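Listing of work-v2.cif; format and content: mmCIF, C-alpha atoms.
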```cif
data_upload
loop_
_atom_site.label_atom_id
_atom_site.label_comp_id
_atom_site.auth_asym_id
_atom_site.auth_seq_id
_atom_site.Cartn_x
_atom_site.Cartn_y
_atom_site.Cartn_z
CA MET A 623 24.24 21.79 -5.80
CA VAL A 624 22.20 19.14 -7.60
CA TYR A 625 23.99 17.00 -10.19
CA VAL A 626 22.12 15.20 -12.96
CA VAL A 627 23.92 12.30 -14.64
CA VAL A 628 22.58 11.28 -18.06
CA PRO A 629 24.09 8.14 -19.67
CA VAL A 630 23.81 8.45 -23.44
CA TYR A 631 24.02 5.71 -26.05
CA ASN A 632 22.45 6.34 -29.47
CA MET A 633 19.79 8.60 -27.98
CA GLU A 634 19.81 11.37 -30.59
CA PRO A 635 16.00 11.37 -31.14
CA TYR A 636 15.30 11.79 -27.41
CA LEU A 637 18.33 13.54 -25.92
CA GLU A 638 17.31 17.14 -26.56
CA ARG A 639 13.96 16.65 -24.83
CA CYS A 640 15.70 15.06 -21.86
CA VAL A 641 18.42 17.70 -21.44
CA GLU A 642 16.05 20.60 -21.99
CA SER A 643 13.80 19.25 -19.23
CA VAL A 644 16.81 19.53 -16.89
CA LEU A 645 18.11 22.91 -18.05
CA ASN A 646 14.60 24.39 -17.74
CA GLN A 647 14.19 23.36 -14.11
CA THR A 648 12.96 26.02 -11.70
CA LEU A 649 15.98 25.17 -9.55
CA ARG A 650 19.05 26.91 -10.93
CA GLU A 651 21.81 25.29 -8.82
CA ILE A 652 22.20 22.40 -11.28
CA ARG A 653 25.12 20.77 -13.02
CA VAL A 654 24.55 18.25 -15.80
CA VAL A 655 26.98 15.46 -16.67
CA LEU A 656 26.29 13.85 -20.06
CA VAL A 657 28.14 10.54 -20.51
CA ASP A 658 28.49 9.59 -24.17
CA ASP A 659 28.92 5.82 -23.93
CA GLY A 660 30.40 5.25 -27.39
CA SER A 661 27.35 6.43 -29.33
CA ARG A 662 27.36 5.76 -33.06
CA ASP A 663 24.76 8.36 -34.01
CA GLY A 664 24.87 12.10 -33.43
CA SER A 665 24.40 11.88 -29.66
CA GLY A 666 28.04 12.59 -28.81
CA ALA A 667 28.12 15.73 -30.95
CA LEU A 668 24.85 16.90 -29.38
CA CYS A 669 26.36 16.42 -25.91
CA ASP A 670 29.33 18.56 -26.93
CA ARG A 671 27.04 21.29 -28.26
CA TYR A 672 25.27 21.47 -24.91
CA ALA A 673 28.59 21.61 -23.04
CA ALA A 674 29.81 24.43 -25.33
CA ALA A 675 26.54 26.36 -24.99
CA CYS A 676 26.39 25.98 -21.20
CA PRO A 677 29.98 26.17 -19.87
CA GLY A 678 30.21 25.60 -16.14
CA ARG A 679 26.77 24.03 -16.16
CA VAL A 680 27.00 21.08 -18.57
CA TRP A 681 29.92 18.64 -18.84
CA THR A 682 30.39 15.85 -21.35
CA VAL A 683 32.31 12.63 -20.75
CA HIS A 684 33.17 10.51 -23.81
CA GLN A 685 34.11 6.84 -23.37
CA PRO A 686 34.03 3.57 -25.35
CA ASN A 687 30.76 1.69 -25.10
CA GLY A 688 30.64 -0.11 -21.77
CA GLY A 689 26.94 -0.26 -20.98
CA LEU A 690 24.64 1.59 -18.60
CA SER A 691 26.55 0.71 -15.43
CA ALA A 692 29.88 1.91 -16.82
CA ALA A 693 28.29 5.17 -17.98
CA ARG A 694 26.66 5.81 -14.61
CA ASN A 695 29.91 5.07 -12.79
CA ALA A 696 31.80 7.51 -15.02
CA GLY A 697 29.15 10.19 -14.47
CA LEU A 698 29.24 9.76 -10.69
CA ALA A 699 33.05 9.96 -10.72
CA ARG A 700 32.81 13.30 -12.53
CA CYS A 701 30.26 14.53 -9.95
CA PHE A 702 32.66 13.74 -7.12
CA ALA A 703 35.44 15.54 -8.99
CA LEU A 704 33.27 18.64 -9.45
CA SER A 705 31.62 18.71 -6.02
CA GLN A 706 33.08 20.84 -3.25
CA ASP A 707 30.91 19.15 -0.61
CA PRO A 708 29.45 15.72 -1.53
CA ALA A 709 27.81 15.51 1.90
CA ARG A 710 25.60 18.51 1.03
CA ASP A 711 25.20 18.01 -2.73
CA TYR A 712 22.66 15.69 -4.37
CA VAL A 713 22.54 13.64 -7.56
CA LEU A 714 19.85 12.28 -9.89
CA LEU A 715 20.47 9.51 -12.43
CA LEU A 716 18.29 10.30 -15.44
CA ASP A 717 17.77 8.06 -18.48
CA ALA A 718 18.33 9.87 -21.77
CA ASP A 719 14.99 8.87 -23.28
CA ASP A 720 13.02 10.07 -20.26
CA PHE A 721 12.31 13.58 -18.98
CA ILE A 722 11.31 15.35 -15.77
CA ARG A 723 8.79 17.94 -14.66
CA PRO A 724 10.12 21.53 -14.45
CA ASP A 725 9.81 21.55 -10.65
CA PHE A 726 11.17 18.02 -10.02
CA LEU A 727 14.56 19.05 -8.63
CA ALA A 728 13.30 22.03 -6.63
CA TYR A 729 10.60 19.85 -5.09
CA ALA A 730 12.88 16.90 -4.30
CA LEU A 731 15.61 19.13 -2.87
CA SER A 732 13.10 20.98 -0.68
CA VAL A 733 11.92 17.67 0.77
CA CYS A 734 15.48 16.60 1.56
CA GLU A 735 16.41 19.96 3.08
CA LYS A 736 13.20 20.48 5.04
CA GLU A 737 13.02 16.92 6.40
CA ASN A 738 16.79 16.37 6.70
CA CYS A 739 16.58 13.38 4.35
CA ASP A 740 19.44 11.65 2.57
CA GLY A 741 17.16 10.82 -0.33
CA VAL A 742 13.64 11.05 -1.69
CA GLN A 743 11.55 9.04 -4.14
CA VAL A 744 8.91 10.66 -6.34
CA ASP A 745 6.21 9.01 -8.42
CA TRP A 746 6.32 8.61 -12.19
CA VAL A 747 4.22 8.57 -15.34
CA ARG A 748 4.76 5.97 -18.07
CA GLY A 749 3.80 6.40 -21.70
CA ILE A 750 4.85 7.60 -25.14
CA GLY A 751 3.98 11.28 -24.71
CA SER A 752 6.26 14.31 -24.87
CA ARG A 753 4.84 16.32 -22.00
CA PHE A 754 3.43 15.72 -18.55
CA PRO A 755 -0.30 15.20 -18.18
CA PRO A 756 -1.91 17.43 -15.54
CA GLU A 757 -1.84 16.16 -11.96
CA THR A 758 -5.24 14.59 -11.35
CA ARG A 759 -5.02 14.07 -7.60
CA ASP A 760 -3.45 15.54 -4.52
CA PRO A 761 -0.22 13.63 -3.90
CA GLY A 762 -0.71 14.01 -0.16
CA PRO A 763 2.02 14.47 2.44
CA VAL A 764 5.53 13.08 2.04
CA ARG A 765 6.12 10.04 4.20
CA ILE A 766 9.44 10.02 6.08
CA LEU A 767 11.04 6.64 6.77
CA THR A 768 14.36 5.33 7.93
CA GLY A 769 16.45 3.64 5.26
CA ALA A 770 15.66 0.28 6.87
CA GLY A 771 11.96 1.11 6.89
CA ALA A 772 12.07 2.16 3.24
CA LEU A 773 13.57 -1.21 2.26
CA LEU A 774 10.57 -2.93 3.86
CA ASP A 775 7.99 -0.62 2.27
CA PRO A 776 6.30 -1.96 -0.90
CA ALA A 777 5.87 1.61 -2.19
CA VAL A 778 9.65 2.10 -2.42
CA LYS A 779 10.79 0.84 -5.82
CA THR A 780 14.21 -0.27 -6.97
CA THR A 781 14.76 2.19 -9.82
CA PHE A 782 17.27 5.02 -9.30
CA CYS A 783 15.76 7.40 -11.84
CA THR A 784 12.91 8.51 -9.58
CA LYS A 785 15.21 9.16 -6.60
CA LEU A 786 17.35 12.10 -5.57
CA TYR A 787 20.16 10.93 -3.28
CA ARG A 788 22.85 12.74 -1.34
CA LEU A 789 26.00 12.39 -3.45
CA GLU A 790 28.09 11.17 -0.51
CA LEU A 791 26.02 7.95 -0.37
CA TYR A 792 27.68 6.82 -3.61
CA ARG A 793 31.19 7.02 -2.17
CA GLY A 794 32.79 3.59 -2.40
CA GLU A 795 29.86 2.20 -4.41
CA SER A 796 29.52 1.38 -8.10
CA PHE A 797 27.09 -0.25 -10.49
CA PRO A 798 28.16 -3.75 -11.61
CA LEU A 799 29.48 -3.94 -15.14
CA GLY A 800 27.78 -6.12 -17.75
CA LYS A 801 24.70 -6.93 -15.66
CA MET A 802 21.00 -6.68 -16.37
CA ASN A 803 18.82 -5.35 -13.53
CA GLU A 804 21.86 -3.37 -12.37
CA ASP A 805 19.76 -1.28 -9.98
CA GLU A 806 19.08 -4.33 -7.81
CA PHE A 807 22.80 -4.70 -7.04
CA LEU A 808 23.12 -1.23 -5.51
CA PHE A 809 19.62 -0.14 -4.48
CA TYR A 810 19.63 -1.69 -1.01
CA ARG A 811 23.16 -0.55 -0.19
CA LEU A 812 22.32 3.13 -0.69
CA LEU A 813 18.99 2.96 1.10
CA TRP A 814 20.59 1.18 4.06
CA LYS A 815 22.89 4.20 4.45
CA CYS A 816 19.98 6.65 4.62
CA ARG A 817 19.15 7.99 8.06
CA ARG A 818 15.90 9.45 6.73
CA PHE A 819 14.22 8.87 3.37
CA GLY A 820 11.20 10.62 1.86
CA VAL A 821 8.48 8.91 -0.19
CA SER A 822 6.26 11.18 -2.28
CA ARG A 823 3.33 10.38 -4.55
CA ALA A 824 3.91 13.52 -6.63
CA LYS A 825 4.33 12.54 -10.29
CA MET A 826 7.60 14.16 -11.32
CA TYR A 827 9.32 11.70 -13.66
CA TYR A 828 8.19 10.65 -17.15
CA TYR A 829 9.26 7.13 -18.08
CA PHE A 830 9.16 7.02 -21.88
CA GLN A 831 8.44 3.45 -22.99
CA ARG A 832 10.18 3.33 -26.36
CA PRO A 833 10.47 0.14 -28.45
CA GLY A 834 13.96 -1.30 -28.19
CA SER A 835 14.75 -0.07 -24.66
CA ILE A 836 16.59 -2.45 -22.32
CA MET A 837 13.53 -3.40 -20.26
CA ASP A 838 11.30 -3.61 -23.32
CA THR A 839 13.79 -6.02 -24.91
CA VAL A 840 13.87 -8.20 -21.81
CA ALA A 841 10.09 -8.31 -21.64
CA ARG A 842 9.84 -9.39 -25.27
CA ALA A 843 12.74 -11.85 -25.38
CA LEU A 844 13.39 -13.08 -21.84
CA LYS A 845 13.74 -16.64 -23.07
CA ASP A 846 16.88 -15.92 -25.10
CA ASN A 847 18.41 -13.15 -22.99
CA PRO A 848 21.73 -14.39 -21.52
CA ARG A 849 21.43 -12.01 -18.55
CA ARG A 850 17.90 -13.07 -17.56
CA ARG A 851 19.03 -14.46 -14.19
CA ASP A 852 21.23 -11.55 -13.11
CA TRP A 853 18.48 -10.44 -10.75
CA ARG A 854 18.92 -13.68 -8.80
CA GLU A 855 22.60 -12.92 -8.33
CA ALA A 856 21.71 -9.46 -7.04
CA PHE A 857 19.29 -10.85 -4.48
CA GLY A 858 21.81 -13.48 -3.42
CA GLU A 859 24.24 -10.68 -2.58
CA ARG A 860 21.50 -8.78 -0.76
CA ILE A 861 20.55 -11.81 1.34
CA ALA A 862 24.20 -12.35 2.28
CA PHE A 863 24.54 -8.65 3.19
CA PHE A 864 21.61 -8.64 5.60
CA THR A 865 22.25 -12.12 6.96
CA ALA A 866 25.70 -10.97 8.04
CA LEU A 867 24.08 -8.02 9.84
CA GLY A 868 21.51 -10.29 11.56
CA GLU A 869 18.62 -8.39 9.93
CA LYS A 870 15.96 -11.11 9.76
CA ARG A 871 13.13 -8.90 8.44
CA GLN A 872 15.34 -7.55 5.67
CA VAL A 873 16.20 -11.12 4.67
CA GLN A 874 12.49 -11.99 4.64
CA ARG A 875 11.86 -8.96 2.44
CA CYS A 876 14.53 -10.19 0.01
CA TYR A 877 12.78 -13.54 -0.28
CA GLU A 878 9.46 -11.74 -0.79
CA ARG A 879 10.98 -9.80 -3.69
CA ILE A 880 12.36 -13.02 -5.18
CA CYS A 881 8.92 -14.60 -4.97
CA ILE A 882 7.32 -11.59 -6.65
CA GLU A 883 9.85 -11.75 -9.48
CA LEU A 884 9.30 -15.49 -9.90
CA MET A 885 5.54 -14.98 -10.09
CA PHE A 886 5.86 -12.22 -12.67
CA ARG A 887 8.40 -13.98 -14.81
CA TYR A 888 6.41 -17.21 -14.69
CA ALA A 889 3.22 -15.35 -15.65
CA GLU A 890 5.08 -13.55 -18.45
CA GLN A 891 6.34 -16.82 -19.88
CA MET A 892 3.13 -18.81 -19.48
CA ASN A 893 1.24 -16.14 -21.42
CA LEU A 894 3.51 -16.81 -24.41
CA PRO A 895 2.91 -19.58 -26.99
CA ARG A 896 4.32 -22.92 -25.80
CA ASP A 897 7.21 -22.91 -28.26
CA ARG A 898 8.42 -19.52 -27.02
CA ARG A 899 8.44 -20.21 -23.29
CA ALA A 900 11.68 -20.35 -21.31
CA ALA A 901 12.52 -23.86 -20.14
CA GLU A 902 12.62 -22.85 -16.45
CA ALA A 903 8.96 -21.85 -16.68
CA ALA A 904 7.78 -24.69 -18.90
CA ASP A 905 9.48 -27.46 -16.89
CA GLY A 906 8.29 -26.20 -13.50
CA THR A 907 11.66 -24.94 -12.22
CA MET A 908 10.26 -21.51 -11.34
CA VAL A 909 7.38 -23.03 -9.41
CA ARG A 910 9.67 -25.34 -7.43
CA GLU A 911 11.95 -22.43 -6.57
CA TYR A 912 8.98 -20.36 -5.49
CA ARG A 913 7.67 -23.09 -3.21
CA ALA A 914 11.12 -23.40 -1.62
CA PHE A 915 11.27 -19.65 -0.88
CA TYR A 916 7.63 -19.18 0.17
CA PRO A 917 8.10 -20.31 3.82
CA LYS A 918 11.09 -17.97 4.16
CA MET A 919 9.07 -14.83 3.45
CA ILE A 920 5.38 -15.39 4.19
CA GLY A 921 5.79 -14.51 7.88
CA LEU A 922 6.96 -10.95 7.11
CA ASP A 923 4.58 -8.53 8.85
CA THR A 924 4.67 -5.85 6.12
CA ILE A 925 3.05 -8.06 3.45
CA ARG A 926 -0.35 -6.66 2.57
CA PRO A 927 -3.35 -9.00 2.97
CA LEU A 928 -4.28 -9.15 -0.74
CA ARG A 929 -0.68 -9.76 -1.74
CA ARG A 930 -0.40 -12.46 0.93
CA LEU A 931 -3.48 -14.11 -0.57
CA LEU A 932 -1.91 -14.05 -4.06
CA PHE A 933 1.32 -15.50 -2.68
CA THR A 934 -0.58 -18.40 -1.19
CA LEU A 935 -2.68 -18.86 -4.31
CA PHE A 936 0.46 -19.13 -6.42
CA TYR A 937 1.91 -21.67 -4.00
CA LEU A 938 -1.22 -23.83 -4.32
CA CYS A 939 -2.19 -23.15 -7.94
CA PRO A 940 0.35 -21.21 -10.05
CA MET A 941 -1.90 -20.71 -13.08
CA GLY A 942 -4.66 -19.39 -10.85
CA ALA A 943 -2.31 -16.69 -9.61
CA VAL A 944 -1.30 -15.92 -13.20
CA LEU A 945 -4.94 -15.20 -14.00
CA ALA A 946 -5.41 -13.19 -10.79
CA SER A 947 -2.35 -11.06 -11.52
CA ARG A 948 -4.01 -9.82 -14.72
CA ILE A 949 -6.64 -8.23 -12.52
CA HIS A 950 -4.38 -6.96 -9.72
CA PRO A 951 -0.77 -6.37 -10.84
CA LEU A 952 1.60 -7.31 -8.03
CA ARG A 953 4.10 -4.55 -8.79
CA ARG A 954 1.73 -2.08 -7.18
#
```

Mind turning the file's structure into structure tokens?
Amino acid sequence: MVYVVVPVYNMEPYLERCVESVLNQTLREIRVVLVDDGSRDGSGALCDRYAAACPGRVWTVHQPNGGLSAARNAGLARCFALSQDPARDYVLLLDADDFIRPDFLAYALSVCEKENCDGVQVDWVRGIGSRFPPETRDPGPVRILTGAGALLDPAVKTTFCTKLYRLELYRGESFPLGKMNEDEFLFYRLLWKCRRFGVSRAKMYYYFQRPGSIMDTVARALKDNPRRRDWREAFGERIAFFTALGEKRQVQRCYERICIELMFRYAEQMNLPRDRRAAEAADGTMVREYRAFYPKMIGLDTIRPLRRLLFTLFYLCPMGAVLASRIHPLRR
């Protein structure tokens, strides 16, 4: 069985498209858990209509507004309650304003079953469309990594929405309440549990970039967002986790990710008018932090040559790296 958890908060304009993309999957062994997180529009009623129309296939959980992490946690709890065998079942966390290709779940499940994987990551499309564009290239073979290897691979991204995981991996885990960048707090813990993990370039997930979304809001107003440094807390926990295990390369990878975030956030701020820049960028705090972390990560053997060059350029001349990053985005 594949479970799909959809946190819902004031998503009435997008929810039908999202849920229909799940119900119309070619894979039929699907259960959908819609978590109404205190919506104030018609989202909760729409969730109930789906549950009534699809008994035994769609469940709705209603709760007071607690944020994305609380909604995901509630949805995962319901999955465990419904599942007869969490070690064999799988779960996808799907955002209510996004949607998936009709063969997403069949494809991802086939990879996990054929390759004996505990999880798989697919590729994604970003835009404001309502349907998938045609695949323009052969995605190539699925790469199979260990969980440890996946954590070191630049192609493996933090987001949960493009990953199908074995449900059992979530046992004893939860998303942190009230945090921004909540994926960073749990991403490494689940991957570390994976014996085998698949990485596919097949574009199966559509990330709908709507105005007013959480990440869009952060990008536009990072200066005044009170949770703008939550990501640093997440990486602090990750460094402590791998330091305790004696995993030097994983610690180096954590510092590499911190440096990437510092570069991006510095570039984001320095491209704003002077009066709108966050103080930690304008007063040089980000640059000083970067230069302190640079020696702790630059020796990692998985850093690609061009990225290594940009790291060094930023260390020597931060604004030069800001200009270079416009040409070659580091998040690739």

(request) Go through A:Phe864, A:Thr682, A:Val821, A:Arg694 and flag the residue nearest Phe797 in chain A, using only C-alpha atoms for the distances. (result)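 That would be A:Arg694, the residue with the smallest distance to Phe797 in chain A.
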
Considering all atoms listed in the file, return as a CSV table (one decimal) with C-alpha atoms, in the coordinates of the input whatever protein or nucleic-acid residues lie within 12 Å of Ala777 in chain A, sequence-local ones (same chain, fewer than 2 positions apart) excluded.
```
chain,number,residue,atom,x,y,z
A,743,GLN,CA,11.6,9.0,-4.1
A,744,VAL,CA,8.9,10.7,-6.3
A,745,ASP,CA,6.2,9.0,-8.4
A,765,ARG,CA,6.1,10.0,4.2
A,767,LEU,CA,11.0,6.6,6.8
A,771,GLY,CA,12.0,1.1,6.9
A,772,ALA,CA,12.1,2.2,3.2
A,773,LEU,CA,13.6,-1.2,2.3
A,774,LEU,CA,10.6,-2.9,3.9
A,775,ASP,CA,8.0,-0.6,2.3
A,779,LYS,CA,10.8,0.8,-5.8
A,780,THR,CA,14.2,-0.3,-7.0
A,781,THR,CA,14.8,2.2,-9.8
A,820,GLY,CA,11.2,10.6,1.9
A,821,VAL,CA,8.5,8.9,-0.2
A,822,SER,CA,6.3,11.2,-2.3
A,823,ARG,CA,3.3,10.4,-4.6
A,924,THR,CA,4.7,-5.8,6.1
A,925,ILE,CA,3.0,-8.1,3.4
A,926,ARG,CA,-0.4,-6.7,2.6
A,952,LEU,CA,1.6,-7.3,-8.0
A,953,ARG,CA,4.1,-4.6,-8.8
A,954,ARG,CA,1.7,-2.1,-7.2
```

(request) Evaluate the PyMOL selection byres ((chain A and resi 732) around 12) on the structure here and hand back the selected residues as an MDAnalysis selection string. (result) chainID A and resid 624 649 712 725:731 733:742 764 786 820

(message) I'd like the interatomic distance between CA of Arg723 in chain A and CA of Val747 in chain A, to a tenth of an Å.
(response)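 Going from CA of Arg723 in chain A over to CA of Val747 in chain A, I get 10.4 Å.
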
(message) Report, in Å with one decimal, the straight-line distance from CA of Tyr828 in chain A to CA of Phe721 in chain A.
(response)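 Atom-to-atom, CA of Tyr828 in chain A to CA of Phe721 in chain A, that is 5.4 Å.
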
If you keep C-alpha atoms, can you output range 863-932 of chain A as a PDB file, in the first residue's frame?
```pdb
ATOM      1  CA  PHE A 863      24.378  13.621  15.097  1.00  0.00           C
ATOM      2  CA  PHE A 864      27.213  12.649  12.761  1.00  0.00           C
ATOM      3  CA  THR A 865      29.990  13.818  15.058  1.00  0.00           C
ATOM      4  CA  ALA A 866      28.701  11.422  17.701  1.00  0.00           C
ATOM      5  CA  LEU A 867      28.830   8.613  15.111  1.00  0.00           C
ATOM      6  CA  GLY A 868      32.396   9.540  14.058  1.00  0.00           C
ATOM      7  CA  GLU A 869      31.254  10.177  10.464  1.00  0.00           C
ATOM      8  CA  LYS A 870      33.812  12.765   9.333  1.00  0.00           C
ATOM      9  CA  ARG A 871      32.674  12.963   5.691  1.00  0.00           C
ATOM     10  CA  GLN A 872      29.063  13.471   6.732  1.00  0.00           C
ATOM     11  CA  VAL A 873      30.166  16.320   9.014  1.00  0.00           C
ATOM     12  CA  GLN A 874      32.124  17.855   6.124  1.00  0.00           C
ATOM     13  CA  ARG A 875      29.024  17.576   3.947  1.00  0.00           C
ATOM     14  CA  CYS A 876      27.015  19.429   6.608  1.00  0.00           C
ATOM     15  CA  TYR A 877      29.506  22.287   6.565  1.00  0.00           C
ATOM     16  CA  GLU A 878      29.379  22.303   2.755  1.00  0.00           C
ATOM     17  CA  ARG A 879      25.597  22.687   2.897  1.00  0.00           C
ATOM     18  CA  ILE A 880      25.940  25.515   5.426  1.00  0.00           C
ATOM     19  CA  CYS A 881      28.386  27.286   3.129  1.00  0.00           C
ATOM     20  CA  ILE A 882      26.036  26.892   0.168  1.00  0.00           C
ATOM     21  CA  GLU A 883      23.164  28.366   2.174  1.00  0.00           C
ATOM     22  CA  LEU A 884      25.325  31.267   3.341  1.00  0.00           C
ATOM     23  CA  MET A 885      26.368  32.014  -0.231  1.00  0.00           C
ATOM     24  CA  PHE A 886      22.789  31.941  -1.483  1.00  0.00           C
ATOM     25  CA  ARG A 887      21.349  33.972   1.339  1.00  0.00           C
ATOM     26  CA  TYR A 888      24.145  36.523   1.061  1.00  0.00           C
ATOM     27  CA  ALA A 889      23.612  36.787  -2.706  1.00  0.00           C
ATOM     28  CA  GLU A 890      19.855  37.109  -2.180  1.00  0.00           C
ATOM     29  CA  GLN A 891      20.319  39.956   0.267  1.00  0.00           C
ATOM     30  CA  MET A 892      23.051  41.797  -1.624  1.00  0.00           C
ATOM     31  CA  ASN A 893      20.842  41.894  -4.711  1.00  0.00           C
ATOM     32  CA  LEU A 894      18.262  43.882  -2.724  1.00  0.00           C
ATOM     33  CA  PRO A 895      18.353  47.684  -2.268  1.00  0.00           C
ATOM     34  CA  ARG A 896      20.625  48.683   0.632  1.00  0.00           C
ATOM     35  CA  ASP A 897      17.768  49.684   2.916  1.00  0.00           C
ATOM     36  CA  ARG A 898      16.131  46.263   2.574  1.00  0.00           C
ATOM     37  CA  ARG A 899      19.136  44.073   3.299  1.00  0.00           C
ATOM     38  CA  ALA A 900      19.329  41.939   6.442  1.00  0.00           C
ATOM     39  CA  ALA A 901      21.919  43.206   8.911  1.00  0.00           C
ATOM     40  CA  GLU A 902      23.852  39.907   8.927  1.00  0.00           C
ATOM     41  CA  ALA A 903      24.530  40.346   5.216  1.00  0.00           C
ATOM     42  CA  ALA A 904      25.147  44.087   5.233  1.00  0.00           C
ATOM     43  CA  ASP A 905      27.542  44.057   8.211  1.00  0.00           C
ATOM     44  CA  GLY A 906      29.620  41.129   6.946  1.00  0.00           C
ATOM     45  CA  THR A 907      28.434  38.530   9.490  1.00  0.00           C
ATOM     46  CA  MET A 908      27.542  36.004   6.783  1.00  0.00           C
ATOM     47  CA  VAL A 909      30.935  36.373   5.131  1.00  0.00           C
ATOM     48  CA  ARG A 910      32.796  35.914   8.419  1.00  0.00           C
ATOM     49  CA  GLU A 911      30.760  32.811   9.209  1.00  0.00           C
ATOM     50  CA  TYR A 912      31.443  31.430   5.750  1.00  0.00           C
ATOM     51  CA  ARG A 913      35.180  31.951   6.083  1.00  0.00           C
ATOM     52  CA  ALA A 914      35.128  30.156   9.438  1.00  0.00           C
ATOM     53  CA  PHE A 915      33.335  27.120   7.940  1.00  0.00           C
ATOM     54  CA  TYR A 916      35.216  26.992   4.620  1.00  0.00           C
ATOM     55  CA  PRO A 917      38.258  25.028   5.947  1.00  0.00           C
ATOM     56  CA  LYS A 918      35.922  22.490   7.557  1.00  0.00           C
ATOM     57  CA  MET A 919      34.338  21.439   4.266  1.00  0.00           C
ATOM     58  CA  ILE A 920      36.640  22.215   1.341  1.00  0.00           C
ATOM     59  CA  GLY A 921      38.530  18.926   1.698  1.00  0.00           C
ATOM     60  CA  LEU A 922      35.403  16.827   1.027  1.00  0.00           C
ATOM     61  CA  ASP A 923      36.105  14.608  -1.993  1.00  0.00           C
ATOM     62  CA  THR A 924      32.562  14.745  -3.420  1.00  0.00           C
ATOM     63  CA  ILE A 925      32.656  18.500  -4.136  1.00  0.00           C
ATOM     64  CA  ARG A 926      32.536  19.062  -7.871  1.00  0.00           C
ATOM     65  CA  PRO A 927      35.397  21.095  -9.417  1.00  0.00           C
ATOM     66  CA  LEU A 928      33.259  24.044 -10.564  1.00  0.00           C
ATOM     67  CA  ARG A 929      31.514  24.244  -7.215  1.00  0.00           C
ATOM     68  CA  ARG A 930      34.884  24.066  -5.452  1.00  0.00           C
ATOM     69  CA  LEU A 931      36.034  26.993  -7.588  1.00  0.00           C
ATOM     70  CA  LEU A 932      32.947  29.024  -6.598  1.00  0.00           C
TER      71      LEU A 932
END
```
